[in-house]
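*Asks:* Below is the file structure28.tsv, with TSV, C-alpha atoms (C1' of nucleotides).
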chain	number	residue	atom	x	y	z
Q	1	MET	CA	-51.62	7.80	36.88
Q	2	VAL	CA	-51.50	10.52	39.50
Q	3	ILE	CA	-49.88	13.79	38.52
Q	4	LEU	CA	-47.86	15.05	41.44
Q	5	ASN	CA	-46.15	18.11	40.14
Q	6	GLU	CA	-47.90	20.84	42.08
Q	7	GLY	CA	-44.86	21.80	44.08
Q	8	LYS	CA	-42.76	24.91	43.99
Q	9	MET	CA	-39.98	25.31	41.47
Q	10	PRO	CA	-37.04	27.67	41.24
Q	11	ASN	CA	-37.40	30.44	38.68
Q	12	LEU	CA	-35.61	31.02	35.41
Q	13	LEU	CA	-32.97	33.26	36.94
Q	14	SER	CA	-31.89	30.49	39.27
Q	15	TYR	CA	-31.57	28.23	36.24
Q	16	LYS	CA	-29.09	30.57	34.64
Q	17	TYR	CA	-27.14	31.50	37.75
Q	18	TYR	CA	-27.29	28.41	39.92
Q	19	ILE	CA	-28.74	25.29	38.31
Q	20	ARG	CA	-26.86	25.44	35.02
Q	21	PRO	CA	-23.40	26.24	36.45
Q	22	THR	CA	-23.83	23.66	39.21
Q	23	ALA	CA	-25.00	21.00	36.79
Q	24	HIS	CA	-22.05	21.79	34.62
Q	25	GLN	CA	-19.70	21.39	37.54
Q	26	LEU	CA	-21.27	18.22	38.97
Q	27	TYR	CA	-22.44	16.46	35.82
Q	28	GLY	CA	-20.30	17.97	33.07
Q	29	ASN	CA	-21.09	17.93	29.37
Q	30	LYS	CA	-20.92	15.47	26.54
Q	31	SER	CA	-17.14	15.65	26.30
Q	32	SER	CA	-16.69	14.80	29.97
Q	33	LYS	CA	-14.43	11.84	30.55
Q	34	SER	CA	-15.34	11.37	34.22
Q	35	LYS	CA	-17.25	8.18	34.84
Q	36	HIS	CA	-19.64	9.90	37.20
Q	37	HIS	CA	-20.41	12.57	34.61
Q	38	GLN	CA	-21.10	9.91	32.02
Q	39	ASN	CA	-23.35	7.94	34.35
Q	40	VAL	CA	-25.44	10.97	35.21
Q	41	GLN	CA	-25.68	11.99	31.59
Q	42	ARG	CA	-26.81	8.52	30.61
Q	43	ILE	CA	-29.77	8.84	32.97
Q	44	ILE	CA	-30.66	12.29	31.75
Q	45	LYS	CA	-30.39	11.15	28.17
Q	46	ILE	CA	-32.64	8.15	28.80
Q	47	LEU	CA	-35.28	10.38	30.39
Q	48	ALA	CA	-34.97	12.84	27.51
Q	49	LEU	CA	-35.20	10.33	24.68
Q	50	GLU	CA	-37.48	7.71	26.23
Q	51	GLY	CA	-39.75	9.95	28.27
Q	52	PRO	CA	-40.94	9.66	31.87
Q	53	MET	CA	-40.32	6.29	33.50
Q	54	THR	CA	-39.45	4.45	36.70
Q	55	THR	CA	-35.89	3.51	37.61
Q	56	TRP	CA	-36.75	-0.10	36.91
Q	57	GLU	CA	-37.93	0.69	33.39
Q	58	MET	CA	-34.78	2.73	32.80
Q	59	ALA	CA	-32.63	-0.22	33.82
Q	60	LYS	CA	-34.68	-2.56	31.62
Q	61	ILE	CA	-33.74	-0.60	28.52
Q	62	ARG	CA	-30.19	-1.89	28.85
Q	63	PHE	CA	-30.79	-5.32	30.32
Q	64	ALA	CA	-34.10	-6.52	29.00
Q	65	THR	CA	-34.07	-9.97	30.53
Q	66	ASP	CA	-31.22	-10.42	33.00
Q	67	ASN	CA	-32.95	-9.73	36.27
Q	68	SER	CA	-29.90	-9.40	38.49
Q	69	LYS	CA	-28.33	-6.90	36.09
Q	70	ILE	CA	-31.55	-4.91	35.99
Q	71	ARG	CA	-31.56	-5.01	39.76
Q	72	SER	CA	-28.11	-3.53	40.19
Q	73	LYS	CA	-28.60	-0.99	37.40
Q	74	GLU	CA	-31.88	0.09	38.97
Q	75	LYS	CA	-30.08	0.67	42.21
Q	76	GLU	CA	-27.44	2.76	40.47
Q	77	TYR	CA	-30.05	4.91	38.74
Q	78	ARG	CA	-32.03	5.34	41.93
Q	79	ARG	CA	-29.02	6.44	43.91
Q	80	LEU	CA	-27.97	8.96	41.29
Q	81	LEU	CA	-31.49	10.34	41.03
Q	82	ILE	CA	-32.54	10.66	44.66
Q	83	GLY	CA	-29.14	10.66	46.33
Q	84	ARG	CA	-27.94	8.24	49.00
Q	85	THR	CA	-27.22	7.95	52.68
Q	86	ASP	CA	-24.10	5.98	53.42
Q	87	ARG	CA	-21.96	5.89	56.56
Q	88	GLY	CA	-24.16	8.53	58.06
Q	89	THR	CA	-23.57	11.11	55.37
Q	90	HIS	CA	-26.07	12.11	52.74
Q	91	SER	CA	-25.17	12.87	49.13
Q	92	ASP	CA	-27.62	14.81	46.99
Q	93	GLY	CA	-29.04	13.36	43.82
Q	94	ILE	CA	-30.01	14.86	40.48
Q	95	ILE	CA	-33.49	15.55	41.81
Q	96	ASP	CA	-32.06	17.87	44.47
Q	97	LEU	CA	-30.76	20.15	41.71
Q	98	ASN	CA	-34.23	20.16	40.10
Q	99	LEU	CA	-33.08	18.69	36.81
Q	100	VAL	CA	-35.34	15.71	37.35
Q	101	LEU	CA	-38.54	15.41	39.33
Q	102	VAL	CA	-41.16	12.87	40.31
Q	103	ASP	CA	-43.72	13.07	37.56
Q	104	SER	CA	-46.32	10.67	38.84
Q	105	ILE	CA	-46.91	7.40	40.61
Q	106	SER	CA	-46.47	4.30	38.54
Q	107	THR	CA	-49.00	1.61	39.29
Q	108	LYS	CA	-47.62	-0.95	36.91
Q	109	ARG	CA	-47.01	-3.50	39.60
Q	110	ASN	CA	-45.82	-1.90	42.77
Q	111	SER	CA	-46.74	1.70	43.27
Q	112	GLY	CA	-43.58	3.75	42.82
Q	113	ASN	CA	-42.18	6.96	41.47
Q	114	ARG	CA	-42.07	7.73	37.80
Q	115	TYR	CA	-39.37	10.26	37.00
Q	116	ARG	CA	-38.99	12.77	34.21
Q	117	LEU	CA	-36.90	15.76	33.28
Q	118	SER	CA	-37.98	19.09	34.68
Q	119	LEU	CA	-38.05	22.09	32.38
Q	120	PHE	CA	-34.58	22.90	33.68
Q	121	GLY	CA	-33.48	19.38	32.89
Q	122	ILE	CA	-34.79	19.80	29.36
Q	123	LEU	CA	-32.88	23.09	29.00
Q	124	TYR	CA	-29.73	21.43	30.34
Q	125	CYS	CA	-30.10	18.60	27.82
Q	126	LEU	CA	-30.60	20.90	24.90
Q	127	ASP	CA	-27.57	22.86	25.99
Q	128	GLN	CA	-25.15	20.07	26.82
Q	129	MET	CA	-26.04	16.88	24.98
Q	130	ASN	CA	-25.41	17.88	21.35
Q	131	PHE	CA	-28.61	16.13	20.36
Q	132	SER	CA	-29.20	15.46	16.71
Q	133	GLU	CA	-32.30	16.98	15.17
Q	134	LYS	CA	-34.00	13.60	15.34
Q	135	GLU	CA	-33.21	13.37	19.03
Q	136	VAL	CA	-34.57	16.84	19.71
Q	137	ASP	CA	-37.73	15.72	17.94
Q	138	ARG	CA	-37.95	12.80	20.36
Q	139	VAL	CA	-37.53	15.10	23.35
Q	140	ALA	CA	-40.25	17.34	21.95
Q	141	LYS	CA	-42.56	14.38	21.55
Q	142	ASN	CA	-41.88	13.03	25.04
Q	143	TYR	CA	-42.36	16.39	26.72
Q	144	GLU	CA	-45.11	17.97	24.65
Q	145	ILE	CA	-47.38	18.06	27.69
Q	146	ILE	CA	-44.70	19.76	29.77
Q	147	LEU	CA	-44.00	22.51	27.24
Q	148	PRO	CA	-47.25	22.63	25.30
Q	149	LEU	CA	-46.76	26.03	23.69
Q	150	VAL	CA	-43.58	24.92	21.95
Q	151	PHE	CA	-43.22	21.13	22.04
Q	152	GLY	CA	-46.96	20.74	21.76
Q	153	LYS	CA	-46.83	22.64	18.47
Q	154	TRP	CA	-43.54	21.17	17.30
Q	155	GLY	CA	-44.72	19.66	14.03
Q	156	PHE	CA	-46.57	22.81	13.14
Q	157	LEU	CA	-43.58	25.02	13.99
Q	158	LYS	CA	-41.33	22.85	11.86
Q	159	SER	CA	-43.71	23.11	8.96
Q	160	VAL	CA	-43.52	26.90	9.21
Q	161	ILE	CA	-39.87	27.67	9.98
Q	162	GLY	CA	-38.12	24.37	9.32
Q	163	LYS	CA	-34.74	23.79	10.90
Q	164	TYR	CA	-34.88	27.04	12.84
Q	165	VAL	CA	-36.95	25.27	15.48
Q	166	TYR	CA	-33.70	23.71	16.64
Q	167	ASN	CA	-32.55	27.12	17.78
Q	168	ILE	CA	-34.36	26.10	20.93
Q	169	SER	CA	-31.06	24.57	22.01
Q	170	LEU	CA	-29.76	28.08	22.53
Q	171	LEU	CA	-32.27	28.64	25.32
Q	172	GLY	CA	-30.34	26.19	27.43
Q	173	LYS	CA	-27.46	28.61	27.57
Q	174	GLY	CA	-29.67	31.27	29.11
Q	175	LEU	CA	-29.10	33.41	26.06
Q	176	LEU	CA	-30.80	36.80	25.95
Q	177	PHE	CA	-32.60	35.99	29.09
Q	178	ASP	CA	-31.72	38.67	31.60
Q	179	ASN	CA	-30.02	41.25	29.41
Q	180	LEU	CA	-33.02	41.95	27.25
Q	181	ASN	CA	-32.62	45.67	27.82
Q	182	ILE	CA	-29.46	45.62	25.71
Q	183	ILE	CA	-31.11	44.35	22.57
Q	184	SER	CA	-34.30	46.28	22.93
Q	185	ILE	CA	-32.46	49.57	22.38
Q	186	GLU	CA	-31.41	48.65	18.86
Q	187	LYS	CA	-34.61	47.22	17.59
Q	188	ASP	CA	-37.49	49.52	18.08
Q	189	GLU	CA	-40.10	47.13	16.84
Q	190	PHE	CA	-38.87	44.72	19.44
Q	191	TYR	CA	-39.26	46.94	22.40
Q	192	GLU	CA	-42.86	46.19	23.09
Q	193	LEU	CA	-42.37	42.46	22.94
Q	194	ILE	CA	-39.35	42.61	25.22
Q	195	SER	CA	-41.25	44.68	27.73
Q	196	PHE	CA	-44.04	42.17	27.64
Q	197	PHE	CA	-41.61	39.37	28.30
Q	198	GLY	CA	-39.95	41.30	31.13
Q	199	ILE	CA	-43.23	41.98	32.86
Q	200	LYS	CA	-44.38	38.43	32.40
Q	201	VAL	CA	-41.17	36.97	33.84
Q	202	ASN	CA	-41.03	39.43	36.70
Q	203	THR	CA	-44.49	38.48	37.84
Q	204	LEU	CA	-43.46	34.86	37.61
Q	205	THR	CA	-40.68	35.19	40.13
Q	206	GLU	CA	-43.34	35.15	42.80
Q	207	SER	CA	-45.04	31.90	41.86
Q	208	PHE	CA	-42.80	29.07	40.87
Q	209	ASN	CA	-45.35	26.87	39.25
Q	210	GLU	CA	-43.91	24.68	36.50
Q	211	GLN	CA	-46.73	25.45	34.15
Q	212	LYS	CA	-46.00	29.15	34.40
Q	213	ILE	CA	-42.28	28.63	34.05
Q	214	GLY	CA	-43.14	26.70	30.90
Q	215	GLU	CA	-45.12	29.68	29.65
Q	216	ALA	CA	-42.14	31.93	30.31
Q	217	ILE	CA	-39.77	29.57	28.50
Q	218	SER	CA	-42.18	29.36	25.56
Q	219	LEU	CA	-42.44	33.10	25.35
Q	220	TRP	CA	-38.68	33.31	25.66
Q	221	PHE	CA	-38.41	30.88	22.77
Q	222	TYR	CA	-40.62	32.97	20.50
Q	223	VAL	CA	-38.90	36.19	21.47
Q	224	THR	CA	-35.53	34.62	20.70
Q	225	MET	CA	-36.82	33.32	17.38
Q	226	LEU	CA	-37.97	36.75	16.37
Q	227	TYR	CA	-34.73	38.32	17.43
Q	228	PHE	CA	-32.04	36.16	15.91
Q	229	PRO	CA	-30.28	38.05	13.15
Q	230	ASN	CA	-29.83	35.02	10.91
Q	231	LEU	CA	-33.49	34.32	11.23
Q	232	MET	CA	-34.48	37.88	10.45
Q	233	GLU	CA	-32.22	38.04	7.39
Q	234	ASP	CA	-33.63	34.89	5.92
Q	235	LYS	CA	-36.05	36.13	3.28
Q	236	LYS	CA	-38.32	33.17	3.62
Q	237	ILE	CA	-38.53	33.70	7.34
Q	238	LYS	CA	-38.96	37.42	7.19
Q	239	GLY	CA	-42.49	36.96	6.00
Q	240	MET	CA	-43.09	34.80	9.01
Q	241	LYS	CA	-42.47	37.59	11.47
Q	242	LYS	CA	-45.98	38.84	11.11
Q	243	PHE	CA	-47.22	35.34	11.51
Q	244	PHE	CA	-45.22	34.85	14.70
Q	245	THR	CA	-46.48	38.05	16.20
Q	246	LYS	CA	-50.01	36.95	15.47
Q	247	PHE	CA	-49.20	33.59	16.96
Q	248	LEU	CA	-47.94	35.24	20.11
Q	249	GLU	CA	-51.08	37.32	20.31
Q	250	LYS	CA	-53.14	34.21	20.15
Q	251	ILE	CA	-51.32	31.99	22.62
Q	252	MET	CA	-49.87	34.56	25.00
Q	253	ASN	CA	-52.46	37.34	24.98
Q	254	TYR	CA	-49.74	39.60	23.63
Q	255	LYS	CA	-51.12	42.75	22.02
Q	256	HIS	CA	-48.81	44.02	19.32
Q	257	GLY	CA	-48.75	47.60	18.03
Q	258	SER	CA	-51.25	49.07	20.42
Q	259	GLN	CA	-51.27	50.72	23.75
Q	260	ILE	CA	-53.92	48.37	25.01
Q	261	PHE	CA	-51.46	46.07	26.67
Q	262	PHE	CA	-49.66	48.83	28.52
Q	263	GLN	CA	-52.91	50.51	29.46
Q	264	LYS	CA	-54.09	47.26	30.92
Q	265	GLN	CA	-50.87	46.95	32.88
Q	266	ARG	CA	-51.22	50.46	34.26
Q	267	ILE	CA	-54.80	49.83	35.22
Q	268	SER	CA	-53.94	46.64	37.01
Q	269	ILE	CA	-51.00	48.31	38.77
Q	270	ASN	CA	-53.23	51.19	39.81
Q	271	ASN	CA	-55.83	48.78	41.07
Q	272	ALA	CA	-53.21	46.90	42.99
Q	273	GLN	CA	-52.03	50.09	44.63
Q	274	LYS	CA	-55.60	51.02	45.60
Q	275	ASN	CA	-56.06	47.62	47.21
O	276	DC	C1'	-5.22	10.62	52.73
O	277	DC	C1'	-10.47	11.52	52.40
O	278	DC	C1'	-14.55	11.27	50.82
O	279	DA	C1'	-17.78	10.63	47.08
O	280	DT	C1'	-18.83	7.13	44.07
O	281	DG	C1'	-19.04	2.19	42.25
O	282	DG	C1'	-20.24	-2.39	42.94
O	283	DG	C1'	-22.23	-5.84	45.63
O	284	DT	C1'	-25.47	-7.77	49.14
O	285	DG	C1'	-29.47	-8.45	52.06
O	286	DC	C1'	-34.05	-7.27	53.89
O	287	DA	C1'	-38.95	-5.86	53.59
O	288	DA	C1'	-43.11	-5.57	51.40
O	289	DG	C1'	-46.78	-5.20	47.98
O	290	DA	C1'	-48.46	-6.72	43.41
O	291	DT	C1'	-48.92	-9.99	40.07
O	292	DC	C1'	-48.14	-14.32	37.78
O	293	DT	C1'	-47.86	-19.45	37.46
O	294	DG	C1'	-48.74	-24.08	38.35
O	295	DC	C1'	-51.76	-26.95	40.51
S	296	DG	C1'	-58.90	-20.50	44.65
S	297	DC	C1'	-54.51	-21.27	46.79
S	298	DA	C1'	-49.47	-21.26	47.46
S	299	DG	C1'	-45.30	-20.26	46.04
S	300	DA	C1'	-42.53	-17.87	42.62
S	301	DT	C1'	-41.43	-13.69	40.51
S	302	DC	C1'	-41.47	-8.79	39.67
S	303	DT	C1'	-40.91	-4.11	41.37
S	304	DT	C1'	-39.79	-0.61	44.54
S	305	DG	C1'	-37.26	1.10	48.31
S	306	DC	C1'	-33.78	1.20	52.00
S	307	DA	C1'	-29.31	0.51	54.14
S	308	DC	C1'	-25.05	-1.82	55.02
S	309	DC	C1'	-20.22	-3.19	53.55
S	310	DC	C1'	-15.92	-2.65	51.14
S	311	DA	C1'	-13.11	-1.12	47.16
S	312	DT	C1'	-11.54	2.53	44.35
S	313	DG	C1'	-9.93	6.57	42.47
S	314	DG	C1'	-9.80	11.56	41.79
S	315	DG	C1'	-8.85	15.72	44.10
Please, can you express the file's structure as structure tokens?

*Replies:*
Amino acid sequence: MVILNEGKMPNLLSYKYYIRPTAHQLYGNKSSKSKHHQNVQRIIKILALEGPMTTWEMAKIRFATDNSKIRSKEKEYRRLLIGRTDRGTHSDGIIDLNLVLVDSISTKRNSGNRYRLSLFGILYCLDQMNFSEKEVDRVAKNYEIILPLVFGKWGFLKSVIGKYVYNISLLGKGLLFDNLNIISIEKDEFYELISFFGIKVNTLTESFNEQKIGEAISLWFYVTMLYFPNLMEDKKIKGMKKFFTKFLEKIMNYKHGSQIFFQKQRISINNAQKN
DNA sequence: CCCATGGGTGCAAGATCTGC
DNA sequence: GCAGATCTTGCACCCATGGG
């Protein structure tokens, strides 16, 4: 298998202000009655729950043996994914909105594209699909390599904070993402973490590498977890705050309660100005 | 009414399987 | 080992349909 995903990706801001609203408009949500909306959502759901696969494999899920049915379903999925050119006009597909991308080349029989959800596609799913907890677990399993700092530690996170892991669905709404300054005023202890997140995300707007976007989303997840009032009021969870901060230190190089982090930032900024 | 989408078809081509 | 069948991927054409 050849991993292809080295290309450029939009940043998190464009998810909130372009990708999400556009997806909502074009592909709707779970309560959409439109046939087109339902067709698109079926594809996205298959990729979410079954993991990366080719269009042929997607079609086979529904028609295991009937080859002609697989054939026509495969065509439908392909056209919705990559768009189509008909009567001289081109219509964009789901890939053009960056909800889905080419993950790798399948070499099962013919060499062809294997598709999967992008991080934005995962966020859209979590936001729109009303997945059950079991289904979110499946998404986490299928995409643990794509979001290693959260999905890769899913079982562990569940063992620590239980059902609160499913708060990850809230990320898909873009919650708390670009108005962090509002919350940081109230919660002093939070200020440092928020600043860290802000700096991290700001530097990311320059390089749209999916791995780094994944890091930002992971950090965003942990920040959100630490913030949520219901989470903070839960006595059992309260004791976990310290744990989470330590966890962040470990996986994100976040330095809590010291000036070291900010000193480092100043030094690097100064160095950058010198150069 | 228009245009995007749905449903169907055919063609091309490479990979793999099956029967001999 | 060979030939033909089958699987898989990809592209483009045609016409119908239905929602805006």

*Asks:* Considering all atoms listed in the file, return as a list in words whatever protein or nucleic-acid residues lie within 10 Å of range 282-286 of chain O, sequence-local ones (same chain, fewer than 3 positions apart) excluded.

*Replies:*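 The contact residues come out as Ser72 and Glu76 of chain Q; DC306, DA307, DC308, DC309, DC310 and DA311 of chain S.
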
*Asks:* Each residue of chain Q with at least one atom at most 12 Å from chain S should appear once, together with its nearest atom pair and the corresponding distance in Å (one decimal); atoms considered: all atoms listed in the file; ordering: chain, then increasing residue number; output as a Markdown table.

*Replies:*
| residue | atom | partner | partner_atom | distance |
| --- | --- | --- | --- | --- |
| Q:Ser34 | CA | S:DG314 | C1' | 9.4 |
| Q:Lys35 | CA | S:DG313 | C1' | 10.7 |
| Q:His36 | CA | S:DG314 | C1' | 11.0 |
| Q:Thr54 | CA | S:DT304 | C1' | 9.3 |
| Q:Thr55 | CA | S:DT304 | C1' | 9.0 |
| Q:Trp56 | CA | S:DT303 | C1' | 7.3 |
| Q:Glu57 | CA | S:DT303 | C1' | 9.8 |
| Q:Ala59 | CA | S:DT303 | C1' | 11.9 |
| Q:Lys60 | CA | S:DT303 | C1' | 11.7 |
| Q:Thr65 | CA | S:DC302 | C1' | 11.8 |
| Q:Asn67 | CA | S:DC302 | C1' | 9.2 |
| Q:Ser68 | CA | S:DC302 | C1' | 11.6 |
| Q:Ile70 | CA | S:DT303 | C1' | 10.8 |
| Q:Arg71 | CA | S:DT303 | C1' | 9.5 |
| Q:Glu74 | CA | S:DT304 | C1' | 9.7 |
| Q:Lys75 | CA | S:DG305 | C1' | 9.4 |
| Q:Arg78 | CA | S:DG305 | C1' | 9.3 |
| Q:Arg79 | CA | S:DC306 | C1' | 10.8 |
| Q:Ile82 | CA | S:DG305 | C1' | 11.3 |
| Q:Gly83 | CA | S:DC306 | C1' | 12.0 |
| Q:Arg84 | CA | S:DA307 | C1' | 9.4 |
| Q:Thr85 | CA | S:DA307 | C1' | 7.9 |
| Q:Asp86 | CA | S:DA307 | C1' | 7.6 |
| Q:Arg87 | CA | S:DC308 | C1' | 8.4 |
| Q:Gly88 | CA | S:DA307 | C1' | 10.3 |
| Q:Ile105 | CA | S:DT304 | C1' | 11.4 |
| Q:Ser106 | CA | S:DT304 | C1' | 10.2 |
| Q:Thr107 | CA | S:DT303 | C1' | 10.1 |
| Q:Lys108 | CA | S:DT303 | C1' | 8.7 |
| Q:Arg109 | CA | S:DT303 | C1' | 6.4 |
| Q:Asn110 | CA | S:DT303 | C1' | 5.6 |
| Q:Ser111 | CA | S:DT304 | C1' | 7.4 |
| Q:Gly112 | CA | S:DT304 | C1' | 6.0 |
| Q:Asn113 | CA | S:DT304 | C1' | 8.5 |
| Q:Arg114 | CA | S:DT304 | C1' | 11.0 |

*Asks:* Enter the distance from CA of Tyr18 in chain Q to CA of Phe120 in chain Q, in Å, rounded to one decimal.

*Replies:*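 Distance reported for this atom pair: 11.1 Å.
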
*Asks:* Using Å and a single decimal, report how far CA of Ile145 in chain Q sits from CA of Gly214 in chain Q.

*Replies:*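 That distance, rounded to one decimal, is 10.1 Å.
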
*Asks:* Rounded to one decimal, what separation in Å do you get between CA of Val223 in chain Q and CA of Leu99 in chain Q?

*Replies:*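 So the answer is 24.0 Å.
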
*Asks:* May I have the centre and edge lengths, in Å to one decimal, of an axis-aligned box around the listed atoms of range 278-286 of chain O with 5 Å added to every side, as AutoDock Vina command-line options?

*Replies:*
--center_x -24.3 --center_y 1.4 --center_z 48.1 --size_x 29.5 --size_y 29.7 --size_z 21.6

*Asks:* May I ask which of the residues Q:Ser169, Q:Ser14, Q:Ser31, Q:Asn39 is the closest one to chain O, counting all atoms listed in the file?

*Replies:*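 Among the listed residues, the smallest separation from chain O belongs to Q:Asn39.
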
*Asks:* Per residue of chain O within 10 Å of chain Q, which atom pair is closest and at what distance in Å (one decimal), using only C-alpha atoms (C1' of nucleotides), listed by chain and increasing number, as a Markdown table?

*Replies:*
| residue | atom | partner | partner_atom | distance |
| --- | --- | --- | --- | --- |
| O:DA279 | C1' | Q:Ser91 | CA | 8.0 |
| O:DT280 | C1' | Q:His36 | CA | 7.5 |
| O:DG281 | C1' | Q:Glu76 | CA | 8.6 |
| O:DG282 | C1' | Q:Ser72 | CA | 8.4 |
| O:DG283 | C1' | Q:Ser72 | CA | 8.3 |
| O:DA288 | C1' | Q:Asn110 | CA | 9.8 |
| O:DG289 | C1' | Q:Asn110 | CA | 6.2 |
| O:DA290 | C1' | Q:Arg109 | CA | 5.2 |
| O:DT291 | C1' | Q:Arg109 | CA | 6.8 |

*Asks:* Using all atoms listed in the file, which of the listed residues (Q:Pro148, Q:Pro21, Q:Pro52, Q:Gly28) sits closest to Arg116 in chain Q?

*Replies:*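 The answer is Q:Pro52, which sits nearest to Arg116 in chain Q.
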